[in-house]
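Below is one structure, written out as structure tokens; the observations come after it.
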Amino acid sequence: MTEEVEGNADPVSRRSISGFVLVPLIAFALMVLFGWGLFRGGDDLPSALLGKPVPDFALPPVLGREEGLSTQDLIGHVSLVNVFASWCVPCRAEHPLFMELSATGEVPLYGINYKDPPDQARAWLDELGDPYARIGADINGRAGIEWGVYGVPETYVIAPDGIIAYRHVGPITRAILQETLLPIVRDHKTQSAKEKTP
């Protein structure tokens, strides 16, 4: 009888040992996948709006600001549109770059404040600075849906004819700004200048 009990206990202990090994292994694999997805370039997510006009929208201003943002504000010049929120940690990380860009005057930067309580949006901009020429408050997220926003932050390059030329999902780094966004902006500005000259 003792042998039967020992024989039955052995498979149970093997299962518990394999569970102790298997569960952490699966958890580690999931963390690796999550980390890879979080830190790899997110700008390759598909967008049905690339090469199409910006959505028709009109947003009120963020609390404490005078001008909102609408489709018409994006027509006639190359611009960047940044979708951000005060509760977004990566938005805070990219914000100093937008402050620097705004100071250069190279390209107008517009903001869509996404699903943010009005007082928090105002406090965030007052604390970190306001690099935006205009900001629309998308409190209910409807404009974000129209733009096809996956999450914040997202940044778009808008051509002078109001066509979405490029979309970047995730925070902007100095390398992304210098090597991707600004070259696209400059190309569109050059192309627009050529079209205006006879």
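Ligands are numbered from 1 in the order shown, residues from 1 within each chain, and chains are lettered A, B, ... in the order they appear in the structure tokens.
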
As a compact mmCIF listing (two decimals) with N, CA and C atoms, in the first residue's frame, please: the residues near segment 133-139 of chain A (cut-off 7 Å, only C-alpha atoms, same-chain neighbours under 3 positions excluded).
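Result file around.txt:
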# COMPACT_ATOMS: atom_id res chain seq x y z
N LEU A 59 -13.89 71.40 -33.16
CA LEU A 59 -13.78 71.19 -31.72
C LEU A 59 -13.70 72.53 -30.99
N PRO A 60 -14.31 72.61 -29.82
CA PRO A 60 -14.20 73.83 -29.02
C PRO A 60 -12.79 73.93 -28.43
N PRO A 61 -12.42 75.12 -27.96
CA PRO A 61 -11.09 75.26 -27.36
C PRO A 61 -10.98 74.53 -26.03
N VAL A 62 -9.75 74.21 -25.68
CA VAL A 62 -9.45 73.67 -24.36
C VAL A 62 -9.73 74.79 -23.35
N GLU A 67 -9.06 79.65 -28.88
CA GLU A 67 -9.41 79.10 -30.20
C GLU A 67 -9.42 77.59 -30.19
N GLY A 68 -10.48 77.02 -30.74
CA GLY A 68 -10.57 75.58 -30.92
C GLY A 68 -9.89 75.17 -32.21
N LEU A 69 -10.27 74.02 -32.73
CA LEU A 69 -9.63 73.49 -33.94
C LEU A 69 -10.69 72.86 -34.83
N PRO A 108 3.47 74.85 -38.26
CA PRO A 108 2.44 74.99 -37.22
C PRO A 108 2.09 73.64 -36.61
N LEU A 109 1.93 73.64 -35.31
CA LEU A 109 1.56 72.44 -34.58
C LEU A 109 0.19 72.67 -33.96
N TYR A 110 -0.73 71.78 -34.29
CA TYR A 110 -2.09 71.86 -33.75
C TYR A 110 -2.30 70.67 -32.83
N GLY A 111 -3.16 70.85 -31.84
CA GLY A 111 -3.41 69.79 -30.88
C GLY A 111 -4.86 69.36 -30.84
N ILE A 112 -5.06 68.07 -30.65
CA ILE A 112 -6.37 67.54 -30.31
C ILE A 112 -6.22 66.92 -28.93
N ASN A 113 -6.86 67.54 -27.95
CA ASN A 113 -6.80 67.05 -26.58
C ASN A 113 -7.87 65.98 -26.42
N TYR A 114 -7.43 64.75 -26.22
CA TYR A 114 -8.28 63.57 -26.33
C TYR A 114 -8.79 63.06 -24.99
N LYS A 115 -10.11 63.08 -24.82
CA LYS A 115 -10.78 62.52 -23.64
C LYS A 115 -10.18 62.99 -22.31
N ASP A 116 -9.99 64.28 -22.22
CA ASP A 116 -9.35 64.85 -21.04
C ASP A 116 -10.35 65.69 -20.26
N PRO A 117 -10.41 65.57 -18.94
CA PRO A 117 -11.22 66.51 -18.16
C PRO A 117 -10.70 67.93 -18.40
N ARG A 142 -15.03 61.70 -29.91
CA ARG A 142 -15.65 61.54 -31.23
C ARG A 142 -14.70 61.90 -32.37
N ALA A 143 -13.99 63.01 -32.23
CA ALA A 143 -13.03 63.41 -33.28
C ALA A 143 -11.92 62.37 -33.40

- Message: Show me, as a ChimeraX atom specification, the residues that have an atom within 7 Å of segment 147-159 of chain A when counting only C-alpha atoms, minus same-chain residues fewer than 5 positions from it.
- Response: /A:55,77-85,88,90-91,164-171,185,188

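Each of A:Gly76, A:Pro160, A:Arg122, A:Tyr132 was compared to Ala103 of chain A using only C-alpha atoms, and A:Tyr132 turns out to be the nearest.
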
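Among the candidates A:Asp56, A:Asp119, A:Asp73, A:Glu106, the residue lying nearest to Arg186 of chain A is A:Glu106 (atoms considered: only C-alpha atoms).
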
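You will find atom CA of Gly162 of chain A at 5.4 Å from atom CA of Pro53 of chain A.
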
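In this structure, atom CA of Leu49 of chain A sits 19.9 Å away from atom CA of Ile172 of chain A.
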
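Comparing A:Pro96, A:Pro183, A:Gly144, A:Gly64 by their smallest distance to Ala123 of chain A, the closest is A:Gly64 (using only C-alpha atoms).
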
- Task: Could you give me, as a PyMOL selection string, the residues within 8 Å of Thr173 of chain A, counting only C-alpha atoms and dropping anything in the same chain fewer than 4 positions from it?
- Result: chain A and resi 94+97+177

- Item | All helix (DSSP H, G or I) residues (DSSP, backbone) inside segment 61-170 of chain A, as a PyMOL selection string | chain A and resi 71-74+89-104+118-128+142-147

With N, CA, C and O atoms kept, could you save the residues just selected as a compact mmCIF listing (two decimals), in the first residue's frame?
# COMPACT_ATOMS: atom_id res chain seq x y z
N THR A 71 -11.44 71.49 -39.22
CA THR A 71 -10.89 71.05 -40.50
C THR A 71 -10.30 72.24 -41.26
O THR A 71 -9.21 72.14 -41.83
N GLN A 72 -11.01 73.36 -41.28
CA GLN A 72 -10.58 74.52 -42.06
C GLN A 72 -9.24 75.09 -41.59
O GLN A 72 -8.51 75.70 -42.38
N ASP A 73 -8.90 74.89 -40.33
CA ASP A 73 -7.62 75.39 -39.80
C ASP A 73 -6.43 74.66 -40.40
O ASP A 73 -5.30 75.14 -40.31
N LEU A 74 -6.66 73.50 -40.98
CA LEU A 74 -5.57 72.66 -41.49
C LEU A 74 -5.38 72.76 -43.00
O LEU A 74 -4.56 72.06 -43.56
N VAL A 89 1.31 59.35 -20.22
CA VAL A 89 2.72 59.48 -19.83
C VAL A 89 3.63 59.72 -21.04
O VAL A 89 4.49 60.61 -21.01
N PRO A 90 3.48 58.98 -22.15
CA PRO A 90 4.32 59.26 -23.32
C PRO A 90 4.10 60.67 -23.89
O PRO A 90 5.02 61.24 -24.48
N CYS A 91 2.90 61.23 -23.72
CA CYS A 91 2.65 62.60 -24.18
C CYS A 91 3.53 63.59 -23.42
O CYS A 91 4.06 64.54 -23.99
N ARG A 92 3.69 63.34 -22.15
CA ARG A 92 4.55 64.19 -21.32
C ARG A 92 6.00 64.08 -21.77
O ARG A 92 6.74 65.07 -21.80
N ALA A 93 6.41 62.87 -22.17
CA ALA A 93 7.79 62.66 -22.61
C ALA A 93 8.09 63.39 -23.92
O ALA A 93 9.19 63.91 -24.11
N GLU A 94 7.13 63.43 -24.84
CA GLU A 94 7.38 64.07 -26.14
C GLU A 94 7.16 65.59 -26.11
O GLU A 94 7.59 66.30 -27.01
N HIS A 95 6.49 66.08 -25.10
CA HIS A 95 6.09 67.49 -25.04
C HIS A 95 7.26 68.48 -25.17
O HIS A 95 7.14 69.48 -25.88
N PRO A 96 8.42 68.25 -24.51
CA PRO A 96 9.54 69.20 -24.67
C PRO A 96 9.98 69.35 -26.13
O PRO A 96 10.37 70.44 -26.54
N LEU A 97 9.91 68.27 -26.91
CA LEU A 97 10.27 68.37 -28.33
C LEU A 97 9.29 69.27 -29.08
O LEU A 97 9.69 70.04 -29.96
N PHE A 98 8.02 69.18 -28.73
CA PHE A 98 7.03 70.04 -29.38
C PHE A 98 7.23 71.50 -28.96
O PHE A 98 7.01 72.41 -29.75
N MET A 99 7.65 71.72 -27.73
CA MET A 99 7.95 73.09 -27.29
C MET A 99 9.11 73.65 -28.12
O MET A 99 9.06 74.80 -28.58
N GLU A 100 10.15 72.84 -28.32
CA GLU A 100 11.29 73.26 -29.14
C GLU A 100 10.86 73.52 -30.58
O GLU A 100 11.25 74.53 -31.18
N LEU A 101 10.08 72.61 -31.14
CA LEU A 101 9.62 72.75 -32.52
C LEU A 101 8.79 74.02 -32.68
O LEU A 101 8.95 74.77 -33.65
N SER A 102 7.91 74.28 -31.75
CA SER A 102 7.07 75.47 -31.80
C SER A 102 7.92 76.74 -31.80
O SER A 102 7.62 77.70 -32.52
N ALA A 103 8.99 76.74 -31.02
CA ALA A 103 9.86 77.91 -30.93
C ALA A 103 10.58 78.19 -32.25
O ALA A 103 10.89 79.34 -32.55
N THR A 104 10.81 77.17 -33.07
CA THR A 104 11.49 77.37 -34.35
C THR A 104 10.57 78.02 -35.38
O THR A 104 11.04 78.67 -36.30
N PRO A 118 -11.57 68.90 -18.66
CA PRO A 118 -11.14 70.25 -19.03
C PRO A 118 -10.14 70.89 -18.07
O PRO A 118 -9.15 71.49 -18.51
N ASP A 119 -10.36 70.77 -16.77
CA ASP A 119 -9.45 71.41 -15.82
C ASP A 119 -8.07 70.74 -15.82
O ASP A 119 -7.06 71.41 -15.63
N GLN A 120 -8.01 69.43 -16.08
CA GLN A 120 -6.72 68.74 -16.13
C GLN A 120 -5.94 69.12 -17.39
O GLN A 120 -4.72 69.26 -17.35
N ALA A 121 -6.65 69.27 -18.50
CA ALA A 121 -5.99 69.68 -19.74
C ALA A 121 -5.37 71.07 -19.56
O ALA A 121 -4.22 71.29 -19.94
N ARG A 122 -6.14 71.99 -19.00
CA ARG A 122 -5.63 73.34 -18.78
C ARG A 122 -4.42 73.32 -17.85
O ARG A 122 -3.40 73.97 -18.13
N ALA A 123 -4.51 72.60 -16.76
CA ALA A 123 -3.40 72.54 -15.80
C ALA A 123 -2.14 71.97 -16.43
O ALA A 123 -1.03 72.45 -16.20
N TRP A 124 -2.31 70.95 -17.25
CA TRP A 124 -1.17 70.30 -17.92
C TRP A 124 -0.47 71.28 -18.85
O TRP A 124 0.75 71.40 -18.83
N LEU A 125 -1.24 72.00 -19.64
CA LEU A 125 -0.67 72.98 -20.57
C LEU A 125 -0.05 74.15 -19.81
O LEU A 125 1.00 74.66 -20.21
N ASP A 126 -0.68 74.57 -18.74
CA ASP A 126 -0.12 75.67 -17.95
C ASP A 126 1.20 75.26 -17.30
O ASP A 126 2.12 76.07 -17.21
N GLU A 127 1.29 74.01 -16.89
CA GLU A 127 2.52 73.51 -16.25
C GLU A 127 3.65 73.29 -17.25
O GLU A 127 4.79 73.72 -17.02
N LEU A 128 3.36 72.63 -18.37
CA LEU A 128 4.40 72.22 -19.30
C LEU A 128 4.63 73.20 -20.45
O LEU A 128 5.62 73.10 -21.15
N ARG A 142 -15.03 61.70 -29.91
CA ARG A 142 -15.65 61.54 -31.23
C ARG A 142 -14.70 61.90 -32.37
O ARG A 142 -14.61 61.20 -33.37
N ALA A 143 -13.99 63.01 -32.23
CA ALA A 143 -13.03 63.41 -33.28
C ALA A 143 -11.92 62.37 -33.40
O ALA A 143 -11.48 62.05 -34.51
N GLY A 144 -11.50 61.82 -32.27
CA GLY A 144 -10.48 60.77 -32.30
C GLY A 144 -10.94 59.57 -33.10
O GLY A 144 -10.16 58.98 -33.85
N ILE A 145 -12.21 59.22 -32.98
CA ILE A 145 -12.76 58.11 -33.76
C ILE A 145 -12.71 58.47 -35.25
O ILE A 145 -12.31 57.66 -36.09
N GLU A 146 -13.09 59.70 -35.58
CA GLU A 146 -13.08 60.15 -36.98
C GLU A 146 -11.67 60.12 -37.56
O GLU A 146 -11.48 59.84 -38.74
N TRP A 147 -10.68 60.44 -36.73
CA TRP A 147 -9.29 60.44 -37.18
C TRP A 147 -8.69 59.03 -37.18
O TRP A 147 -7.58 58.82 -37.65

- Message: What does the structure give for the distance between atom CA of Lys194 of chain A and atom CA of Thr180 of chain A, in Å to one decimal?
- Response: 21.5 Å
